[in-house]
Amino acid sequence: MSDHTKNTHKLATRAIHVGQEPDPNTGDIVPPIHLTSTFRQSAPGQHRGFEYSRSGNPTRIALEKCLASVERAAAGASFASGSAATAAILGTLAPGDKIIAYGDVYGGTFRMLKHVFTGYGIDPVFTDDTAPESFQRLIDDRTKMIWLESPTNPLLRCLDIPAIGRIAHEAGAVLVVDNTFATPALQLPHELGADYVVHSTTKYIGGHSDVIGGAVTVRDESLMERVAFLQNATGGVPGPFDCYLQHRGIKTLALRMERHCTNAMAIAEHLDNHPKLARVVYPFLPSHPDHDLARRQMCGGGGMVTIVFKETQAALKFCENIRVFALAESLGGIESLVCHPAIMTHASIPKEIREARGVTDSLVRLSVGIEDIDDLKADLDQALAKA
Ligand SMILES: *Cc1c(COP(=O)(O)O)cnc(C)c1O
């Protein structure tokens, strides 16, 4: 961090300045993208801090500094995807270790726990109850990690990060929070007790649906040692151009999240009590089951709104007729998207498990973008009329 950007600065300032120090030789306001795989040495072993771009690249280091700064973390590491970031954190576990995760985690995280890391002797157990006590009940002396997302996908349940963090720490375990949905603009898990924060920067941090990326940040510098080792040793690193895109995205994160939140709140209120809908789910709506916790833990409700139709057929018709919103997987970009999780993102989860969790065929997830709110409302209204 340069002396013109202090740790006391607020997120919107740090997001724009950290890792973006003007070049001392040219005065570039935006540092160049270091498109190089290797670095010249003046004598064997004598270099300027960079040897080979898997181990370190100036564009990636700049992004990592900025990620750590916006997450209020001791350090950050950048990865080729959210999944590679997840694998690096899970890679810190040893055979015989148990990990407790909230059952409704991102499908790829669930798949990695069940079908990759169990093969290496890691024992994942899942709870479908958001209450901190349900994590407490599963703790034993092999428990080394608790993994959660808040808000969750697509039901937007919020989990009590400080309470679950205390449970983890009393057991000598670490808490990991996937902060992809909230982003550091709305929720700071490290300040709430999380030891690791993981991101799919593909979503809000990149923010423009044009790059796949991931990040890990840590509350305590000592935790970065193993993560950085795994980043280099297993090699799931992003290229310099992808780092540049993510860093460019972070610069407008605060501004974008403000607009995502106001648009999403306006849409949640607009759709609430619609005759074709059984339920509108948004953390900052008073009807949300975790409303008080959400208001305590986050400074905005986020950009995701989930709507549950009374009829499955209506949900499908709605998806076919939406126009400004695009029917597509993923989320967190500036453009509004609609997703039918049961058929699209959550299709790999067996129907009984999916339905028990509330992800029914009549549920539709909206990733509300930053377009004009009147156009978004009009689009939803015309698609609902045809549903
Ligand atoms: C998308 C996503 C991931 C996985 O990230 P990729 O960049 O797709 O590998 C992990 N967690 C959450 C909450 C996500 O939405």
# chains A, B, ... in the order shown; residues from 1 in each chain; ligands from 1
call {"tool": "residues_near_ligand", "arguments": {"ligand": "ligand 1", "cutoff": "6 Å", "atoms": "only C-alpha atoms and all ligand atoms", "output": "VMD selection string"}}
result
chain A and resid 81 to 83 106 180 200 202 212 to 214
call {"tool": "select_by_dssp", "arguments": {"residues": "stretch 98-197 of chain A", "states": "strand (DSSP E or B)", "output": "list in words"}}
result
Lys98, Ile99, Ile100, Ala101, Tyr102, Asp123, Pro124, Val125, Phe126, Thr127, Thr143, Lys144, Met145, Ile146, Trp147, Leu148, Glu149, Val174, Leu175, Val176, Val177, Asp178, Tyr196 and Val197 of chain A
call {"tool": "write_last_selection", "arguments": {"atoms": "N, CA and C atoms", "output": "JSON list (two decimals), in the first residue's frame"}}
result
[["chain", "number", "residue", "atom", "x", "y", "z"],
["A", 98, "LYS", "N", -11.99, -33.58, 9.47],
["A", 98, "LYS", "CA", -13.41, -33.46, 9.16],
["A", 98, "LYS", "C", -13.73, -32.00, 8.87],
["A", 99, "ILE", "N", -14.60, -31.78, 7.89],
["A", 99, "ILE", "CA", -15.06, -30.43, 7.57],
["A", 99, "ILE", "C", -16.59, -30.41, 7.64],
["A", 100, "ILE", "N", -17.12, -29.41, 8.31],
["A", 100, "ILE", "CA", -18.57, -29.26, 8.40],
["A", 100, "ILE", "C", -18.97, -28.14, 7.44],
["A", 101, "ALA", "N", -19.93, -28.43, 6.57],
["A", 101, "ALA", "CA", -20.36, -27.40, 5.61],
["A", 101, "ALA", "C", -21.87, -27.27, 5.64],
["A", 102, "TYR", "N", -22.34, -26.08, 5.35],
["A", 102, "TYR", "CA", -23.78, -25.91, 5.17],
["A", 102, "TYR", "C", -24.16, -26.65, 3.89],
["A", 123, "ASP", "N", -13.13, -35.81, 5.42],
["A", 123, "ASP", "CA", -14.47, -36.31, 5.74],
["A", 123, "ASP", "C", -15.45, -35.13, 5.82],
["A", 124, "PRO", "N", -16.25, -34.89, 4.75],
["A", 124, "PRO", "CA", -17.19, -33.77, 4.82],
["A", 124, "PRO", "C", -18.53, -34.19, 5.43],
["A", 125, "VAL", "N", -19.06, -33.37, 6.32],
["A", 125, "VAL", "CA", -20.42, -33.60, 6.84],
["A", 125, "VAL", "C", -21.22, -32.32, 6.60],
["A", 126, "PHE", "N", -22.51, -32.50, 6.35],
["A", 126, "PHE", "CA", -23.34, -31.36, 5.96],
["A", 126, "PHE", "C", -24.51, -31.18, 6.91],
["A", 127, "THR", "N", -24.87, -29.92, 7.16],
["A", 127, "THR", "CA", -26.08, -29.63, 7.91],
["A", 127, "THR", "C", -27.03, -28.84, 7.02],
["A", 143, "THR", "N", -12.68, -32.26, 13.76],
["A", 143, "THR", "CA", -13.17, -31.13, 12.97],
["A", 143, "THR", "C", -12.12, -30.05, 12.86],
["A", 144, "LYS", "N", -11.71, -29.75, 11.62],
["A", 144, "LYS", "CA", -10.66, -28.74, 11.41],
["A", 144, "LYS", "C", -11.16, -27.52, 10.66],
["A", 145, "MET", "N", -12.36, -27.62, 10.07],
["A", 145, "MET", "CA", -12.82, -26.51, 9.23],
["A", 145, "MET", "C", -14.35, -26.48, 9.19],
["A", 146, "ILE", "N", -14.89, -25.25, 9.21],
["A", 146, "ILE", "CA", -16.32, -25.06, 8.93],
["A", 146, "ILE", "C", -16.41, -24.19, 7.69],
["A", 147, "TRP", "N", -17.30, -24.58, 6.77],
["A", 147, "TRP", "CA", -17.41, -23.87, 5.47],
["A", 147, "TRP", "C", -18.85, -23.39, 5.29],
["A", 148, "LEU", "N", -19.02, -22.11, 5.04],
["A", 148, "LEU", "CA", -20.37, -21.64, 4.77],
["A", 148, "LEU", "C", -20.39, -20.53, 3.73],
["A", 149, "GLU", "N", -21.58, -20.34, 3.17],
["A", 149, "GLU", "CA", -21.86, -19.22, 2.28],
["A", 149, "GLU", "C", -22.96, -18.40, 2.93],
["A", 174, "VAL", "N", -10.97, -23.77, 11.83],
["A", 174, "VAL", "CA", -11.03, -22.47, 11.15],
["A", 174, "VAL", "C", -12.38, -22.32, 10.46],
["A", 175, "LEU", "N", -12.78, -21.06, 10.27],
["A", 175, "LEU", "CA", -14.03, -20.77, 9.56],
["A", 175, "LEU", "C", -13.71, -20.20, 8.19],
["A", 176, "VAL", "N", -14.33, -20.78, 7.16],
["A", 176, "VAL", "CA", -14.22, -20.28, 5.79],
["A", 176, "VAL", "C", -15.57, -19.70, 5.39],
["A", 177, "VAL", "N", -15.58, -18.50, 4.84],
["A", 177, "VAL", "CA", -16.82, -17.91, 4.33],
["A", 177, "VAL", "C", -16.66, -17.62, 2.85],
["A", 178, "ASP", "N", -17.56, -18.17, 2.05],
["A", 178, "ASP", "CA", -17.63, -17.83, 0.62],
["A", 178, "ASP", "C", -18.45, -16.54, 0.53],
["A", 196, "TYR", "N", -10.67, -17.60, 6.65],
["A", 196, "TYR", "CA", -10.47, -17.54, 5.20],
["A", 196, "TYR", "C", -11.73, -16.97, 4.57],
["A", 197, "VAL", "N", -11.54, -16.14, 3.55],
["A", 197, "VAL", "CA", -12.66, -15.74, 2.70],
["A", 197, "VAL", "C", -12.34, -16.22, 1.30]]
call {"tool": "closest_residue", "arguments": {"among": "A:Glu64, A:Glu225, A:Asp23, A:Asp272", "to": "A:His288", "atoms": "only C-alpha atoms"}}
result
A:Asp272
call {"tool": "residues_around", "arguments": {"residues": "A:Cys319", "least_positions_apart": "6", "cutoff": "8 Å", "atoms": "only C-alpha atoms", "output": "list in words"}}
result
Leu327, Val338, Cys339, His340 and Ala383 of chain A
call {"tool": "atom_distance", "arguments": {"atom1": "atom CA of A:Val281", "atom2": "atom CA of A:Thr306"}}
result
5.0 Å
call {"tool": "atom_distance", "arguments": {"atom1": "atom CA of A:Ala84", "atom2": "atom CA of A:Gly236"}}
result
5.9 Å
call {"tool": "residues_around", "arguments": {"residues": "A:His291", "least_positions_apart": "2", "cutoff": "12 Å", "atoms": "only C-alpha atoms", "output": "number ranges by chain"}}
result
A: 151, 156-160, 281-289, 293-298, 300-301
call {"tool": "write_last_selection", "arguments": {"atoms": "N, CA, C and O atoms", "output": "compact mmCIF listing (two decimals), in the first residue's frame"}}
result
# COMPACT_ATOMS: atom_id res chain seq x y z
N PRO A 151 -25.08 -14.62 1.77
CA PRO A 151 -26.30 -15.41 1.57
C PRO A 151 -26.03 -16.62 0.67
O PRO A 151 -25.11 -16.62 -0.14
N LEU A 156 -30.98 -17.66 -0.58
CA LEU A 156 -30.53 -16.43 0.06
C LEU A 156 -30.67 -16.47 1.58
O LEU A 156 -30.96 -15.46 2.23
N ARG A 157 -30.46 -17.69 2.14
CA ARG A 157 -30.43 -17.81 3.60
C ARG A 157 -29.15 -17.15 4.11
O ARG A 157 -28.11 -17.21 3.45
N CYS A 158 -29.23 -16.52 5.28
CA CYS A 158 -28.04 -15.90 5.86
C CYS A 158 -27.64 -16.70 7.09
O CYS A 158 -28.50 -17.14 7.86
N LEU A 159 -26.34 -16.93 7.25
CA LEU A 159 -25.85 -17.67 8.40
C LEU A 159 -25.07 -16.73 9.30
O LEU A 159 -24.42 -15.79 8.82
N ASP A 160 -25.16 -16.98 10.60
CA ASP A 160 -24.60 -16.10 11.62
C ASP A 160 -23.07 -16.30 11.67
O ASP A 160 -22.58 -17.21 12.34
N VAL A 281 -38.20 -13.81 -2.32
CA VAL A 281 -37.13 -13.98 -1.32
C VAL A 281 -36.06 -12.92 -1.54
O VAL A 281 -35.43 -12.88 -2.61
N TYR A 282 -35.88 -12.06 -0.55
CA TYR A 282 -34.81 -11.06 -0.61
C TYR A 282 -34.41 -10.75 0.84
O TYR A 282 -35.28 -10.46 1.66
N PRO A 283 -33.11 -10.82 1.17
CA PRO A 283 -32.71 -10.71 2.59
C PRO A 283 -33.19 -9.44 3.29
O PRO A 283 -33.42 -9.46 4.50
N PHE A 284 -33.35 -8.35 2.55
CA PHE A 284 -33.76 -7.10 3.21
C PHE A 284 -35.27 -6.89 3.18
O PHE A 284 -35.75 -5.83 3.57
N LEU A 285 -36.05 -7.88 2.72
CA LEU A 285 -37.50 -7.80 2.86
C LEU A 285 -37.85 -8.30 4.26
O LEU A 285 -37.33 -9.34 4.69
N PRO A 286 -38.74 -7.60 4.98
CA PRO A 286 -39.09 -8.03 6.35
C PRO A 286 -39.61 -9.47 6.41
O PRO A 286 -39.49 -10.12 7.44
N SER A 287 -40.14 -9.98 5.30
CA SER A 287 -40.69 -11.35 5.31
C SER A 287 -39.59 -12.43 5.22
O SER A 287 -39.87 -13.61 5.38
N HIS A 288 -38.34 -12.03 4.97
CA HIS A 288 -37.26 -13.02 4.83
C HIS A 288 -36.97 -13.67 6.19
O HIS A 288 -36.91 -12.97 7.21
N PRO A 289 -36.78 -15.00 6.22
CA PRO A 289 -36.58 -15.69 7.51
C PRO A 289 -35.35 -15.20 8.30
O PRO A 289 -35.31 -15.34 9.52
N LEU A 293 -30.85 -10.85 11.00
CA LEU A 293 -29.44 -11.22 10.87
C LEU A 293 -28.83 -10.55 9.64
O LEU A 293 -27.72 -9.99 9.70
N ALA A 294 -29.56 -10.57 8.53
CA ALA A 294 -29.07 -9.96 7.29
C ALA A 294 -28.78 -8.47 7.52
O ALA A 294 -27.74 -7.96 7.11
N ARG A 295 -29.69 -7.78 8.20
CA ARG A 295 -29.51 -6.34 8.45
C ARG A 295 -28.32 -6.08 9.38
O ARG A 295 -27.67 -5.05 9.28
N ARG A 296 -28.06 -7.03 10.29
CA ARG A 296 -26.96 -6.89 11.24
C ARG A 296 -25.61 -7.13 10.55
O ARG A 296 -24.63 -6.47 10.82
N GLN A 297 -25.60 -8.10 9.65
CA GLN A 297 -24.34 -8.60 9.09
C GLN A 297 -23.95 -7.95 7.77
O GLN A 297 -22.81 -7.97 7.38
N MET A 298 -24.94 -7.40 7.08
CA MET A 298 -24.68 -6.82 5.75
C MET A 298 -25.21 -5.39 5.71
O MET A 298 -26.21 -5.07 6.34
N GLY A 300 -26.21 -4.04 2.88
CA GLY A 300 -27.12 -3.97 1.75
C GLY A 300 -27.62 -5.37 1.48
O GLY A 300 -26.96 -6.35 1.86
N GLY A 301 -28.77 -5.49 0.84
CA GLY A 301 -29.38 -6.81 0.66
C GLY A 301 -28.82 -7.60 -0.51
O GLY A 301 -29.18 -8.75 -0.71
